[in-house]
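A short write-up of the structure that comes next.
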Amino acid sequence: MLVGRKYVTHLSPEQEAQAEGFGDACRWVWNAALEQRREANRWWKRYGEAWIHPYPGFAVQARQLSGVRAEADWLRAAPSHVLQQTLRDLDRACREHGTNAVRWRSKHRWNPSFRFPDPAQITVEKVNRRWGRVKLPKLGWIRFRRTRDLGGAVRNVTVSYRSGKWYVTFCVDDGLPQAQPNGKPDVGVDRGVVVAAATSQGRLHDRAFTTAKEEERLVRLQRAKARQVKGSANWHRTKARIARIHARRARRRADFNAKLAEHLTRHHGTVVLEELRVADMARSAKGAVEQPGKRVRQKAGLNRAILAKGWGDLARRCEYKARVHGSRLVRVNPAYTSQECNRCGEVDAKSRESQAVFACVSCGHTEHADVHAAKNVLQRGRTAGS
Ligand SMILES: [Zn+2]
């Protein structure tokens, strides 16, 4: 199975300038190619069959790119494989989401990131216990903090920037065989309201993704940013500070997900998770701001919103870990898992009037609301899996 290994890198000032240039080139290629596709769609709409030009798919755009690259020095400064990979990524995004739903890469919103797709052009070496280095086309040797072993053959390398740091991510094939089924009991997991995640066995997993101090600071910074002149030096500094808090929060969530995935897959034969849907994420995020006055509820809502954003990450980690520990991951539709009675099957929103307790209006069954929902998730996983 392919896994990602991400490390902090230390680029020299020249490499940093180069990497920024590569990021700019990729962004330009992405935007130009996206505009070309949208334009073609508009013409096609107008002229239909009479529109005779070939559609700018990956092959056409890759050919045109090498033509443009021959005439533009700043594009030639970036490795051609990297730019082609951008076209490939765009092609996939357009197929998956539709050309009009794919977003532009704005200088301010997009975190630079580019991929070296050819393992033949990549050399990785261990420098010592703490440091490793990788040789990439044009960039040369890059040092990275070797916090863990790569553990497999490198398939490709991504260099990315976020909140003041450059990272290098190796996609490696770990070559691990699938473990034998571990024969342990099954478990359902609910993305809780009261806690971050609850299991059908009654375990509640939670952690705060932000501290009270950080939240106060975040509010203060956001207010300051609103007052500052957009694009000014102060505005940029405030923006960077806000980004750092968000990044810290994301790291805590990643840590929580890693530990939870390890626990779930190590001790269970089948892990059943709710399928993530975008509507759910929006709802829980809205819940975070729609309940003013009640600080505790608001915080729980915020925690939930943060977890919702990482739910796909949790599923991905479970999928990988399940293979290592010999368990299996099943995803189910989460509709009404919080309102359906586990004992009599009655579905009623009134059964869930309290956030913390499920109380069936039909048979009177009561239970911790999140654990009850987790049991429903498990049950659905069993019917789906058999
Ligand atoms: Zn009931």
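Going by the structure tokens order, chains are called A, B, ..., each with residues numbered from 1, while ligands are numbered from 1 in the order shown.
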
At most 10 Å from ligand 1 (only C-alpha atoms and all ligand atoms): residue list as number ranges by chain: A: 339-348, 351, 358-366

Per-residue nearest contacts region 40-99 of chain A to region 146-164 of chain A, cut-off 12 Å, using only C-alpha atoms, as JSON lines:
{"residue": "A:His81", "atom": "CA", "partner": "A:Asn156", "partner_atom": "CA", "distance": 11.2}
{"residue": "A:Val82", "atom": "CA", "partner": "A:Thr158", "partner_atom": "CA", "distance": 9.5}
{"residue": "A:Gln85", "atom": "CA", "partner": "A:Thr158", "partner_atom": "CA", "distance": 10.6}
{"residue": "A:Thr86", "atom": "CA", "partner": "A:Thr158", "partner_atom": "CA", "distance": 11.5}

Residues near region 182-187 of chain A, cut-off 9 Å, only C-alpha atoms, skip fewer than 4 positions along chain, as an MDAnalysis selection string: chainID A and resid 199:201 264 266:273 325:327 374:375 377:378 382

Separation of CA of Trp166 (chain A) from CA of Glu16 (chain A) in Å: 8.5 Å

Long-range neighbours of Arg76 (chain A) as JSON, numbers by chain, 12 Å cut-off, only C-alpha atoms, 4 positions minimum in chain: {"A": [18, 21, 22, 25, 26, 65, 66, 67, 68, 69, 70, 71, 72, 80, 81, 82, 83, 138]}

Those of region 13-211 of chain A in DSSP alpha helix (DSSP H), formatted as a VMD selection string: chain A and resid 13 to 47 58 to 71 73 to 76 80 to 97

Nearest-residue call for Arg220 (chain A), choices A:Arg352, A:Arg92, A:Arg241, A:Lys165, using only C-alpha atoms: A:Arg241

Selection: 10 Å around His10 (chain A), only C-alpha atoms, excl. self and same-chain fewer than 6 positions, as an MDAnalysis selection string: chainID A and resid 16 133 142:145 165:168

Expected answer as a ChimeraX atom specification: strand (DSSP E or B) residues in region 38-243 of chain A: /A:113-116,123-126,131-136,140-145,153-162,165-173,187-191,197-199,204-205

Polymer residues at most 8 Å from region 233-239 of chain A, only C-alpha atoms, same-chain spacing of 4 or more positions, as number ranges by chain: A: 221-222, 224-225, 228-229, 243
